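Just final-v2.pdb here, PDB, C-alpha atoms and all ligand atoms:
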```pdb
MODEL        1
ATOM      1  CA  MET A   1     133.170 -78.251-275.361
ATOM      2  CA  PRO A   2     130.418 -80.904-275.179
ATOM      3  CA  ARG A   3     128.143 -80.541-272.139
ATOM      4  CA  LYS A   4     128.861 -84.126-270.954
ATOM      5  CA  ARG A   5     132.615 -83.518-270.911
ATOM      6  CA  LYS A   6     132.113 -80.216-269.011
ATOM      7  CA  ASN A   7     130.099 -82.027-266.330
ATOM      8  CA  PHE A   8     132.734 -84.759-266.114
ATOM      9  CA  GLU A   9     135.470 -82.154-265.547
ATOM     10  CA  LYS A  10     133.366 -80.469-262.831
ATOM     11  CA  ILE A  11     132.866 -83.798-260.993
ATOM     12  CA  TYR A  12     136.563 -84.638-261.417
ATOM     13  CA  LYS A  13     137.525 -81.248-259.868
ATOM     14  CA  ILE A  14     135.190 -81.765-256.898
ATOM     15  CA  ILE A  15     136.487 -85.319-256.259
ATOM     16  CA  SER A  16     140.136 -84.249-256.416
ATOM     17  CA  ARG A  17     139.496 -81.313-254.043
ATOM     18  CA  CYS A  18     137.778 -83.708-251.608
ATOM     19  CA  LEU A  19     140.723 -86.105-251.835
ATOM     20  CA  ILE A  20     143.219 -83.310-251.113
ATOM     21  CA  ALA A  21     141.122 -82.170-248.124
ATOM     22  CA  VAL A  22     141.001 -85.752-246.745
ATOM     23  CA  LEU A  23     144.770 -86.147-247.209
ATOM     24  CA  LEU A  24     145.419 -82.835-245.425
ATOM     25  CA  LEU A  25     143.117 -83.866-242.564
ATOM     26  CA  CYS A  26     144.912 -87.233-242.219
ATOM     27  CA  ALA A  27     148.306 -85.514-242.200
ATOM     28  CA  THR A  28     147.158 -83.055-239.497
ATOM     29  CA  LEU A  29     145.735 -85.871-237.351
ATOM     30  CA  TYR A  30     148.941 -87.896-237.769
ATOM     31  CA  TYR A  31     151.025 -84.894-236.695
ATOM     32  CA  LEU A  32     148.785 -84.201-233.692
ATOM     33  CA  ILE A  33     148.577 -87.798-232.495
ATOM     34  CA  ILE A  34     151.939 -89.303-233.473
ATOM     35  CA  GLY A  35     154.226 -86.400-234.305
ATOM     36  CA  GLU A  36     153.506 -84.361-231.169
ATOM     37  CA  THR A  37     153.618 -87.204-228.655
ATOM     38  CA  ASP A  38     156.558 -89.186-229.973
ATOM     39  CA  ALA A  39     159.316 -86.767-228.962
ATOM     40  CA  PRO A  40     162.880 -88.042-229.431
ATOM     41  CA  GLY A  41     163.988 -90.353-226.652
ATOM     42  CA  PHE A  42     160.476 -91.187-225.474
ATOM     43  CA  SER A  43     158.609 -94.350-226.379
ATOM     44  CA  HIS A  44     155.195 -95.379-225.133
ATOM     45  CA  GLY A  45     152.559 -98.039-225.534
ATOM     46  CA  ASP A  46     148.822 -97.634-225.897
ATOM     47  CA  VAL A  47     146.396 -96.661-223.144
ATOM     48  CA  TYR A  48     143.818 -99.249-222.068
ATOM     49  CA  THR A  49     141.377 -99.743-219.231
ATOM     50  CA  ALA A  50     142.474-101.559-216.077
ATOM     51  CA  GLN A  51     141.519-101.531-212.411
ATOM     52  CA  ASP A  52     144.002-103.659-210.425
ATOM     53  CA  MET A  53     145.977-100.886-208.726
ATOM     54  CA  GLU A  54     144.487 -97.440-208.335
ATOM     55  CA  VAL A  55     146.524 -94.280-207.916
ATOM     56  CA  HIS A  56     144.506 -91.277-206.769
ATOM     57  CA  PHE A  57     145.976 -87.803-206.902
ATOM     58  CA  ILE A  58     143.531 -86.119-204.560
ATOM     59  CA  ASP A  59     142.899 -82.431-205.192
ATOM     60  CA  VAL A  60     144.082 -80.597-202.074
ATOM     61  CA  GLY A  61     144.720 -77.221-203.691
ATOM     62  CA  GLN A  62     148.334 -76.108-203.280
ATOM     63  CA  GLY A  63     149.735 -79.322-201.784
ATOM     64  CA  ASP A  64     150.214 -83.031-202.364
ATOM     65  CA  CYS A  65     148.007 -85.990-201.491
ATOM     66  CA  THR A  66     148.288 -89.366-203.198
ATOM     67  CA  LEU A  67     146.325 -92.508-202.391
ATOM     68  CA  LEU A  68     147.517 -95.899-203.614
ATOM     69  CA  LEU A  69     144.981 -98.720-203.497
ATOM     70  CA  CYS A  70     145.674-102.366-204.228
ATOM     71  CA  GLY A  71     143.200-105.047-203.219
ATOM     72  CA  GLU A  72     142.354-104.316-199.584
ATOM     73  CA  SER A  73     145.453-102.187-198.964
ATOM     74  CA  ALA A  74     145.597 -98.409-198.784
ATOM     75  CA  VAL A  75     148.725 -96.250-198.736
ATOM     76  CA  LEU A  76     148.311 -92.503-198.206
ATOM     77  CA  VAL A  77     151.225 -90.299-199.232
ATOM     78  CA  ASP A  78     150.950 -86.755-197.831
ATOM     79  CA  GLY A  79     147.657 -85.020-197.070
ATOM     80  CA  GLY A  80     147.775 -81.387-198.176
ATOM     81  CA  GLU A  81     147.336 -78.476-195.754
ATOM     82  CA  ALA A  82     145.444 -78.987-192.465
ATOM     83  CA  GLN A  83     142.328 -77.343-193.923
ATOM     84  CA  TYR A  84     142.003 -80.326-196.314
ATOM     85  CA  SER A  85     141.818 -82.975-193.552
ATOM     86  CA  TYR A  86     138.047 -83.163-193.828
ATOM     87  CA  SER A  87     137.929 -83.413-197.626
ATOM     88  CA  VAL A  88     140.651 -86.093-197.615
ATOM     89  CA  LEU A  89     138.690 -88.061-194.996
ATOM     90  CA  GLN A  90     135.546 -87.675-197.071
ATOM     91  CA  TYR A  91     137.389 -88.822-200.207
ATOM     92  CA  LEU A  92     138.703 -91.886-198.343
ATOM     93  CA  ASP A  93     135.207 -92.645-197.098
ATOM     94  CA  ASN A  94     133.765 -92.305-200.622
ATOM     95  CA  HIS A  95     136.247 -94.940-201.772
ATOM     96  CA  GLY A  96     135.597 -97.343-198.926
ATOM     97  CA  VAL A  97     138.909 -96.689-197.165
ATOM     98  CA  ASP A  98     138.439 -96.869-193.387
ATOM     99  CA  GLU A  99     142.020 -97.742-192.455
ATOM    100  CA  ILE A 100     145.427 -96.684-193.759
ATOM    101  CA  ASP A 101     148.012 -99.468-193.972
ATOM    102  CA  LEU A 102     150.884 -97.072-194.541
ATOM    103  CA  MET A 103     150.899 -93.295-194.198
ATOM    104  CA  VAL A 104     153.900 -91.598-195.793
ATOM    105  CA  ALA A 105     155.007 -88.083-194.886
ATOM    106  CA  THR A 106     157.460 -87.283-197.703
ATOM    107  CA  HIS A 107     158.698 -84.266-195.726
ATOM    108  CA  ARG A 108     157.287 -82.072-193.014
ATOM    109  CA  HIS A 109     156.084 -78.976-194.788
ATOM    110  CA  SER A 110     152.498 -78.079-193.945
ATOM    111  CA  ASP A 111     151.234 -78.577-197.528
ATOM    112  CA  HIS A 112     152.202 -82.256-197.145
ATOM    113  CA  ILE A 113     151.589 -83.234-193.523
ATOM    114  CA  GLY A 114     148.894 -80.752-192.462
ATOM    115  CA  GLY A 115     146.006 -82.880-193.743
ATOM    116  CA  LEU A 116     147.548 -86.089-192.369
ATOM    117  CA  VAL A 117     146.941 -84.903-188.793
ATOM    118  CA  GLY A 118     143.140 -85.057-189.106
ATOM    119  CA  VAL A 119     143.291 -88.397-190.947
ATOM    120  CA  ALA A 120     145.453 -89.964-188.215
ATOM    121  CA  GLN A 121     143.033 -88.580-185.597
ATOM    122  CA  GLU A 122     139.937 -90.041-187.238
ATOM    123  CA  ILE A 123     140.812 -93.423-188.764
ATOM    124  CA  PRO A 124     143.267 -96.209-187.830
ATOM    125  CA  VAL A 125     146.757 -95.884-189.309
ATOM    126  CA  CYS A 126     148.861 -99.057-189.085
ATOM    127  CA  ARG A 127     152.245 -97.467-189.726
ATOM    128  CA  VAL A 128     153.860 -94.159-190.669
ATOM    129  CA  LEU A 129     156.917 -93.732-192.847
ATOM    130  CA  MET A 130     158.836 -90.484-192.638
ATOM    131  CA  ASN A 131     162.380 -89.265-192.811
ATOM    132  CA  ASP A 132     164.984 -88.709-190.157
ATOM    133  CA  ASP A 133     164.086 -85.923-187.743
ATOM    134  CA  ASN A 134     167.780 -85.155-187.240
ATOM    135  CA  ALA A 135     168.085 -84.336-190.909
ATOM    136  CA  PHE A 136     166.087 -81.160-190.381
ATOM    137  CA  VAL A 137     167.665 -77.893-189.490
ATOM    138  CA  ASP A 138     164.456 -75.942-188.857
ATOM    139  CA  THR A 139     162.774 -75.942-185.486
ATOM    140  CA  ASP A 140     159.535 -77.906-185.500
ATOM    141  CA  THR A 141     156.617 -75.900-186.825
ATOM    142  CA  ARG A 142     153.174 -76.031-185.203
ATOM    143  CA  THR A 143     152.030 -78.488-187.895
ATOM    144  CA  GLU A 144     155.013 -80.779-187.244
ATOM    145  CA  ILE A 145     154.355 -80.703-183.508
ATOM    146  CA  GLU A 146     150.679 -81.584-184.100
ATOM    147  CA  PHE A 147     151.619 -84.380-186.504
ATOM    148  CA  LEU A 148     154.198 -85.947-184.155
ATOM    149  CA  SER A 149     151.799 -85.568-181.243
ATOM    150  CA  VAL A 150     148.914 -87.428-182.962
ATOM    151  CA  LEU A 151     151.301 -90.264-183.853
ATOM    152  CA  GLU A 152     152.348 -90.519-180.227
ATOM    153  CA  THR A 153     148.833 -90.216-178.810
ATOM    154  CA  ASN A 154     147.484 -92.916-181.104
ATOM    155  CA  ASP A 155     150.562 -95.089-180.619
ATOM    156  CA  ILE A 156     151.232 -95.338-184.349
ATOM    157  CA  PRO A 157     154.507 -97.108-185.183
ATOM    158  CA  VAL A 158     156.932 -94.912-187.146
ATOM    159  CA  ASP A 159     159.549 -96.124-189.614
ATOM    160  CA  ILE A 160     162.408 -93.825-190.516
ATOM    161  CA  ALA A 161     162.930 -94.150-194.267
ATOM    162  CA  ARG A 162     166.185 -95.599-195.547
ATOM    163  CA  TYR A 163     167.338 -95.980-199.119
ATOM    164  CA  GLY A 164     166.313 -99.407-200.416
ATOM    165  CA  ASP A 165     163.467-100.045-197.932
ATOM    166  CA  VAL A 166     160.727-102.084-199.583
ATOM    167  CA  TYR A 167     157.074-102.256-198.502
ATOM    168  CA  ALA A 168     154.801-104.831-200.116
ATOM    169  CA  PHE A 169     150.997-104.615-200.159
ATOM    170  CA  GLU A 170     149.339-107.444-202.061
ATOM    171  CA  GLU A 171     151.065-107.296-205.463
ATOM    172  CA  MET A 172     152.110-103.650-205.058
ATOM    173  CA  THR A 173     155.629-102.838-203.843
ATOM    174  CA  LEU A 174     157.024 -99.497-202.738
ATOM    175  CA  THR A 175     160.784 -98.995-202.817
ATOM    176  CA  VAL A 176     162.383 -96.017-201.109
ATOM    177  CA  ILE A 177     164.964 -94.640-203.531
ATOM    178  CA  TRP A 178     165.766 -91.435-201.671
ATOM    179  CA  ALA A 179     165.405 -90.520-198.016
ATOM    180  CA  GLY A 180     167.654 -87.505-197.682
ATOM    181  CA  ALA A 181     171.295 -87.356-196.674
ATOM    182  CA  ASP A 182     173.478 -85.597-194.108
ATOM    183  CA  GLY A 183     174.532 -82.072-194.911
ATOM    184  CA  ILE A 184     171.553 -81.119-197.061
ATOM    185  CA  GLU A 185     169.878 -78.048-195.615
ATOM    186  CA  ASN A 186     166.917 -77.698-197.946
ATOM    187  CA  GLU A 187     164.011 -79.700-196.512
ATOM    188  CA  ASN A 188     162.543 -80.235-199.964
ATOM    189  CA  GLU A 189     165.699 -82.086-200.983
ATOM    190  CA  GLN A 190     165.367 -84.295-197.887
ATOM    191  CA  GLY A 191     161.953 -85.582-198.930
ATOM    192  CA  ILE A 192     161.261 -89.272-199.466
ATOM    193  CA  VAL A 193     161.140 -90.423-203.088
ATOM    194  CA  PHE A 194     159.751 -93.828-203.876
ATOM    195  CA  HIS A 195     159.012 -96.047-206.757
ATOM    196  CA  CYS A 196     155.807 -98.038-206.748
ATOM    197  CA  GLN A 197     155.532-101.157-208.881
ATOM    198  CA  TYR A 198     152.489-103.258-209.684
ATOM    199  CA  GLY A 199     153.347-105.901-212.271
ATOM    200  CA  GLU A 200     154.468-103.880-215.268
ATOM    201  CA  SER A 201     152.798-100.647-214.099
ATOM    202  CA  SER A 202     154.894 -98.185-212.146
ATOM    203  CA  VAL A 203     154.628 -94.833-210.411
ATOM    204  CA  LEU A 204     157.324 -92.453-209.196
ATOM    205  CA  LEU A 205     156.439 -90.166-206.283
ATOM    206  CA  THR A 206     158.947 -87.369-205.864
ATOM    207  CA  GLY A 207     157.594 -85.086-203.111
ATOM    208  CA  ASP A 208     159.123 -81.620-203.452
ATOM    209  CA  ILE A 209     162.652 -82.545-204.561
ATOM    210  CA  GLY A 210     164.560 -80.167-206.809
ATOM    211  CA  GLU A 211     167.201 -80.645-209.501
ATOM    212  CA  GLU A 212     169.897 -81.272-206.877
ATOM    213  CA  THR A 213     168.242 -84.517-205.750
ATOM    214  CA  GLU A 214     167.196 -85.374-209.293
ATOM    215  CA  ASP A 215     170.874 -85.258-210.290
ATOM    216  CA  THR A 216     171.774 -87.480-207.322
ATOM    217  CA  LEU A 217     169.105 -89.997-208.360
ATOM    218  CA  LEU A 218     170.378 -89.960-211.937
ATOM    219  CA  ALA A 219     173.820 -90.928-210.641
ATOM    220  CA  PHE A 220     172.379 -93.960-208.794
ATOM    221  CA  ASP A 221     172.239 -97.322-210.480
ATOM    222  CA  TYR A 222     168.439 -97.415-210.264
ATOM    223  CA  ASP A 223     166.082 -97.633-213.204
ATOM    224  CA  LEU A 224     163.857 -94.574-212.765
ATOM    225  CA  GLN A 225     161.569 -95.413-215.681
ATOM    226  CA  SER A 226     157.948 -95.076-214.548
ATOM    227  CA  ASP A 227     154.600 -94.934-216.317
ATOM    228  CA  ILE A 228     153.229 -92.253-213.998
ATOM    229  CA  LEU A 229     155.319 -89.424-212.554
ATOM    230  CA  LYS A 230     154.125 -87.192-209.746
ATOM    231  CA  VAL A 231     155.874 -84.054-210.918
ATOM    232  CA  ALA A 232     158.198 -82.793-208.166
ATOM    233  CA  HIS A 233     157.431 -79.674-206.125
ATOM    234  CA  HIS A 234     154.080 -78.815-207.717
ATOM    235  CA  GLY A 235     155.700 -78.191-211.087
ATOM    236  CA  SER A 236     158.352 -75.731-209.866
ATOM    237  CA  ASN A 237     160.818 -74.462-212.488
ATOM    238  CA  TYR A 238     163.663 -75.709-210.265
ATOM    239  CA  SER A 239     162.599 -79.352-210.574
ATOM    240  CA  SER A 240     161.900 -81.730-213.475
ATOM    241  CA  SER A 241     165.103 -81.251-215.453
ATOM    242  CA  TYR A 242     165.029 -82.546-218.984
ATOM    243  CA  ASP A 243     167.627 -85.241-218.066
ATOM    244  CA  PHE A 244     165.434 -86.430-215.204
ATOM    245  CA  LEU A 245     162.311 -86.532-217.381
ATOM    246  CA  ARG A 246     164.157 -88.509-220.036
ATOM    247  CA  ALA A 247     165.294 -91.051-217.412
ATOM    248  CA  VAL A 248     161.790 -91.447-215.977
ATOM    249  CA  ASP A 249     160.236 -91.390-219.466
ATOM    250  CA  PRO A 250     156.652 -91.263-218.128
ATOM    251  CA  LEU A 251     153.504 -91.716-220.143
ATOM    252  CA  PHE A 252     151.620 -89.564-217.608
ATOM    253  CA  ALA A 253     152.905 -86.623-215.559
ATOM    254  CA  VAL A 254     150.695 -85.284-212.765
ATOM    255  CA  ILE A 255     151.080 -81.825-211.275
ATOM    256  CA  SER A 256     149.420 -81.298-207.904
ATOM    257  CA  CYS A 257     148.935 -77.584-207.285
ATOM    258  CA  GLY A 258     146.325 -74.982-206.412
ATOM    259  CA  TYR A 259     144.534 -72.860-208.996
ATOM    260  CA  ASP A 260     146.214 -69.464-209.415
ATOM    261  CA  ASN A 261     148.610 -70.118-206.496
ATOM    262  CA  ILE A 262     151.009 -67.453-205.197
ATOM    263  CA  TYR A 263     154.095 -69.506-206.145
ATOM    264  CA  GLY A 264     153.326 -69.478-209.852
ATOM    265  CA  HIS A 265     153.237 -73.294-209.917
ATOM    266  CA  PRO A 266     153.512 -74.942-212.312
ATOM    267  CA  GLY A 267     156.381 -72.935-213.797
ATOM    268  CA  ALA A 268     156.271 -72.084-217.488
ATOM    269  CA  GLU A 269     159.715 -73.634-218.090
ATOM    270  CA  THR A 270     158.710 -76.915-216.450
ATOM    271  CA  MET A 271     155.477 -76.975-218.458
ATOM    272  CA  GLY A 272     157.563 -76.515-221.603
ATOM    273  CA  ARG A 273     159.826 -79.455-220.722
ATOM    274  CA  LEU A 274     156.854 -81.652-219.810
ATOM    275  CA  ASN A 275     154.812 -80.793-222.884
ATOM    276  CA  ARG A 276     157.785 -81.513-225.105
ATOM    277  CA  GLY A 277     158.369 -85.054-223.914
ATOM    278  CA  VAL A 278     155.417 -86.394-221.918
ATOM    279  CA  PRO A 279     152.293 -87.495-223.815
ATOM    280  CA  TYR A 280     149.812 -86.766-220.997
ATOM    281  CA  VAL A 281     150.394 -83.837-218.636
ATOM    282  CA  LEU A 282     147.567 -83.650-216.093
ATOM    283  CA  ARG A 283     146.942 -81.023-213.390
ATOM    284  CA  THR A 284     144.816 -81.121-210.265
ATOM    285  CA  ASP A 285     144.258 -77.329-210.383
ATOM    286  CA  THR A 286     142.358 -77.648-213.653
ATOM    287  CA  MET A 287     141.034 -81.238-213.447
ATOM    288  CA  GLY A 288     140.399 -81.795-209.744
ATOM    289  CA  SER A 289     141.343 -85.231-208.388
ATOM    290  CA  ILE A 290     142.824 -87.602-210.958
ATOM    291  CA  VAL A 291     142.596 -91.410-210.730
ATOM    292  CA  PHE A 292     144.722 -93.978-212.580
ATOM    293  CA  TYR A 293     143.722 -97.598-213.017
ATOM    294  CA  CYS A 294     146.790 -99.766-213.550
ATOM    295  CA  SER A 295     146.866-103.431-214.521
ATOM    296  CA  ALA A 296     149.670-105.903-213.924
ATOM    297  CA  ASP A 297     150.430-106.085-217.636
ATOM    298  CA  GLY A 298     151.124-102.365-217.771
ATOM    299  CA  LYS A 299     147.818-101.135-219.148
ATOM    300  CA  ILE A 300     146.813 -97.799-217.630
ATOM    301  CA  ASP A 301     143.740 -95.636-217.912
ATOM    302  CA  TYR A 302     142.773 -92.509-216.001
ATOM    303  CA  SER A 303     139.751 -90.437-215.197
ATOM    304  CA  ASN A 304     138.846 -87.235-213.430
ATOM    305  CA  GLY A 305     138.271 -88.265-209.813
ATOM    306  CA  LYS A 306     135.259 -86.021-209.445
ATOM    307  CA  ASP A 307     133.389 -88.296-211.848
ATOM    308  CA  VAL A 308     134.076 -91.492-209.928
ATOM    309  CA  SER A 309     133.966 -90.381-206.297
TER     310      SER A 309
HETATM  311 ZN    ZN A 401     154.955 -78.924-201.305
ENDMDL
END
```

If you convert what's in this file into structure tokens, what do you get?
Amino acid sequence: MPRKRKNFEKIYKIISRCLIAVLLLCATLYYLIIGETDAPGFSHGDVYTAQDMEVHFIDVGQGDCTLLLCGESAVLVDGGEAQYSYSVLQYLDNHGVDEIDLMVATHRHSDHIGGLVGVAQEIPVCRVLMNDDNAFVDTDTRTEIEFLSVLETNDIPVDIARYGDVYAFEEMTLTVIWAGADGIENENEQGIVFHCQYGESSVLLTGDIGEETEDTLLAFDYDLQSDILKVAHHGSNYSSSYDFLRAVDPLFAVISCGYDNIYGHPGAETMGRLNRGVPYVLRTDTMGSIVFYCSADGKIDYSNGKDVS
């Protein structure tokens, strides 16, 4: 064979191998980016940068603490265990929050209201939203007594949550879509659930509800679709049913839990359901505090709170 032709065949082989490699790489990237995230029944837009409403999932170990900021307004939902009071106050201070317009106690377990006690002691709180005391079967715990006592001492007005209550702060509205019901003995299932809307951006905060309440919400004539979902009960296996996740159809799911916690949160089954259908599953135990920036036209970006505090 002539030398020129041999060289030509060598170059041809190299080029075709390169082309195959590029095609394989493109196919893998397509599968990773499109194939993995576009699970059946879920549809999502792109992620952009926006800063109009901020949603902070503050790292309080094994507990919940969410801060919603819109313009000059601040809404604090739960505060983790009492030992996190100081770090929550410091976080608020770092973000220029020196007054809480609305403090929400989703339910009265210590990993939700413990940290609120110190906050209510140190900075002004305009109003507290919680659920009906009569709905609880347990005797008040020490944390509940402390919480109720600081509200009384500081003369903070308390609203008892009712289904359909709406609170508006600037362009951000919070709608109570669950506030417990008579005859339910599990305090987790009595927790307040609300939907927060800012233009086309939305957040669903679910406290520690389980599948029982999720099923009740699915039966309501309320559109649960939300861009950001605070995963119920720290990612417990007994929450976040596939039907519920499909109805909420979130772009982001946030699990608030402590690293290596004794409850095994988040549960492996819940992680499986989330990873199958939700494009971004974020966890405070591995990422620390997580902040979302939401614009009125539905564009959402997020960052690790430790970088921006
Ligand atoms: Zn909890």

Got a sec: who's within 9 Å of Glu214 (chain A), counting all atoms listed in the file, leaving out chain neighbours fewer than 3 positions off, as a count of residues only?
11

Care to translate the PyMOL selection byres (((chain A and resi 280) around 10) and not hetatm) into actual residues of this file, as a ChimeraX atom specification?
/A:37,228,250-254,274-275,277-279,281-283

Under the PyMOL selection byres (((not hetatm)) within 10 of (chain A and resi 401)), which residues of this model are included? Write them out as a PDB file with C-alpha atoms, in the coordinates of the input.
```
ATOM      1  CA  GLN A  62     148.334 -76.108-203.280  1.00  0.00           C
ATOM      2  CA  GLY A  63     149.735 -79.322-201.784  1.00  0.00           C
ATOM      3  CA  ASP A  64     150.214 -83.031-202.364  1.00  0.00           C
ATOM      4  CA  CYS A  65     148.007 -85.990-201.491  1.00  0.00           C
ATOM      5  CA  ASP A  78     150.950 -86.755-197.831  1.00  0.00           C
ATOM      6  CA  GLY A  80     147.775 -81.387-198.176  1.00  0.00           C
ATOM      7  CA  GLU A  81     147.336 -78.476-195.754  1.00  0.00           C
ATOM      8  CA  THR A 106     157.460 -87.283-197.703  1.00  0.00           C
ATOM      9  CA  HIS A 107     158.698 -84.266-195.726  1.00  0.00           C
ATOM     10  CA  ARG A 108     157.287 -82.072-193.014  1.00  0.00           C
ATOM     11  CA  HIS A 109     156.084 -78.976-194.788  1.00  0.00           C
ATOM     12  CA  SER A 110     152.498 -78.079-193.945  1.00  0.00           C
ATOM     13  CA  ASP A 111     151.234 -78.577-197.528  1.00  0.00           C
ATOM     14  CA  HIS A 112     152.202 -82.256-197.145  1.00  0.00           C
ATOM     15  CA  ILE A 113     151.589 -83.234-193.523  1.00  0.00           C
ATOM     16  CA  ASN A 188     162.543 -80.235-199.964  1.00  0.00           C
ATOM     17  CA  GLY A 191     161.953 -85.582-198.930  1.00  0.00           C
ATOM     18  CA  GLY A 207     157.594 -85.086-203.111  1.00  0.00           C
ATOM     19  CA  ASP A 208     159.123 -81.620-203.452  1.00  0.00           C
ATOM     20  CA  ILE A 209     162.652 -82.545-204.561  1.00  0.00           C
ATOM     21  CA  ALA A 232     158.198 -82.793-208.166  1.00  0.00           C
ATOM     22  CA  HIS A 233     157.431 -79.674-206.125  1.00  0.00           C
ATOM     23  CA  HIS A 234     154.080 -78.815-207.717  1.00  0.00           C
ATOM     24  CA  GLY A 235     155.700 -78.191-211.087  1.00  0.00           C
ATOM     25  CA  SER A 236     158.352 -75.731-209.866  1.00  0.00           C
ATOM     26  CA  SER A 256     149.420 -81.298-207.904  1.00  0.00           C
ATOM     27  CA  CYS A 257     148.935 -77.584-207.285  1.00  0.00           C
TER      28      CYS A 257
END
```

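Candidate residues A:Glu200, A:Glu170, A:Asp182, A:Glu99 were compared for distance to Ala296 (chain A), and the nearest is A:Glu200, using only C-alpha atoms.
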
Selection near Ile100 (chain A), 8 Å with only C-alpha atoms, sequence-local residues under 3 positions removed, as a ChimeraX atom specification
/A:73-76,97,103,123-127

Could those residues be written to a file, using C-alpha atoms, as an mmCIF file, in the frame of the given file?
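In the end it all went to out_13.cif:
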```
data_model
loop_
_atom_site.group_PDB
_atom_site.id
_atom_site.type_symbol
_atom_site.label_atom_id
_atom_site.label_comp_id
_atom_site.auth_asym_id
_atom_site.auth_seq_id
_atom_site.Cartn_x
_atom_site.Cartn_y
_atom_site.Cartn_z
ATOM 1 C CA SER A 73 145.453 -102.187 -198.964
ATOM 2 C CA ALA A 74 145.597 -98.409 -198.784
ATOM 3 C CA VAL A 75 148.725 -96.250 -198.736
ATOM 4 C CA LEU A 76 148.311 -92.503 -198.206
ATOM 5 C CA VAL A 97 138.909 -96.689 -197.165
ATOM 6 C CA MET A 103 150.899 -93.295 -194.198
ATOM 7 C CA ILE A 123 140.812 -93.423 -188.764
ATOM 8 C CA PRO A 124 143.267 -96.209 -187.830
ATOM 9 C CA VAL A 125 146.757 -95.884 -189.309
ATOM 10 C CA CYS A 126 148.861 -99.057 -189.085
ATOM 11 C CA ARG A 127 152.245 -97.467 -189.726
#
```

With all atoms listed in the file as the counted atoms, please give the residues lying no more than 7 Å from Ile290 (chain A), apart from itself and same-chain residues fewer than 5 positions off, as a PyMOL selection string.
chain A and resi 56-58+284+303-305

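Distance-wise, CA of Val104 (chain A) and CA of Ser226 (chain A) end up 19.5 Å apart.
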
With N, CA and C atoms as the goal, would you fill in the gaps in region 110-122 of chain A and present it as a compact mmCIF listing (two decimals), keeping the file's coordinate frame?
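Result saved to rebuild.txt:
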```
# COMPACT_ATOMS: atom_id res chain seq x y z
N SER A 110 153.93 -78.01 -194.27
CA SER A 110 152.50 -78.08 -193.94
C SER A 110 151.62 -78.49 -195.13
N ASP A 111 152.06 -78.21 -196.37
CA ASP A 111 151.23 -78.58 -197.53
C ASP A 111 151.32 -80.07 -197.83
N HIS A 112 152.08 -80.80 -196.99
CA HIS A 112 152.20 -82.26 -197.14
C HIS A 112 151.68 -83.01 -195.92
N ILE A 113 152.01 -82.49 -194.72
CA ILE A 113 151.59 -83.23 -193.52
C ILE A 113 150.37 -82.65 -192.81
N GLY A 114 150.01 -81.40 -193.16
CA GLY A 114 148.89 -80.75 -192.46
C GLY A 114 147.64 -81.61 -192.45
N GLY A 115 147.23 -82.08 -193.62
CA GLY A 115 146.01 -82.88 -193.74
C GLY A 115 146.12 -84.27 -193.14
N LEU A 116 147.37 -84.74 -192.94
CA LEU A 116 147.55 -86.09 -192.37
C LEU A 116 147.15 -86.12 -190.90
N VAL A 117 147.24 -84.96 -190.23
CA VAL A 117 146.94 -84.90 -188.79
C VAL A 117 145.49 -85.35 -188.56
N GLY A 118 144.56 -84.73 -189.28
CA GLY A 118 143.14 -85.06 -189.11
C GLY A 118 142.85 -86.51 -189.49
N VAL A 119 143.51 -87.01 -190.52
CA VAL A 119 143.29 -88.40 -190.95
C VAL A 119 143.73 -89.35 -189.84
N ALA A 120 144.93 -89.08 -189.27
CA ALA A 120 145.45 -89.96 -188.22
C ALA A 120 144.61 -89.87 -186.94
N GLN A 121 143.90 -88.73 -186.77
CA GLN A 121 143.03 -88.58 -185.60
C GLN A 121 141.74 -89.38 -185.76
N GLU A 122 141.27 -89.48 -187.00
CA GLU A 122 139.94 -90.04 -187.24
C GLU A 122 139.89 -91.51 -187.60
```
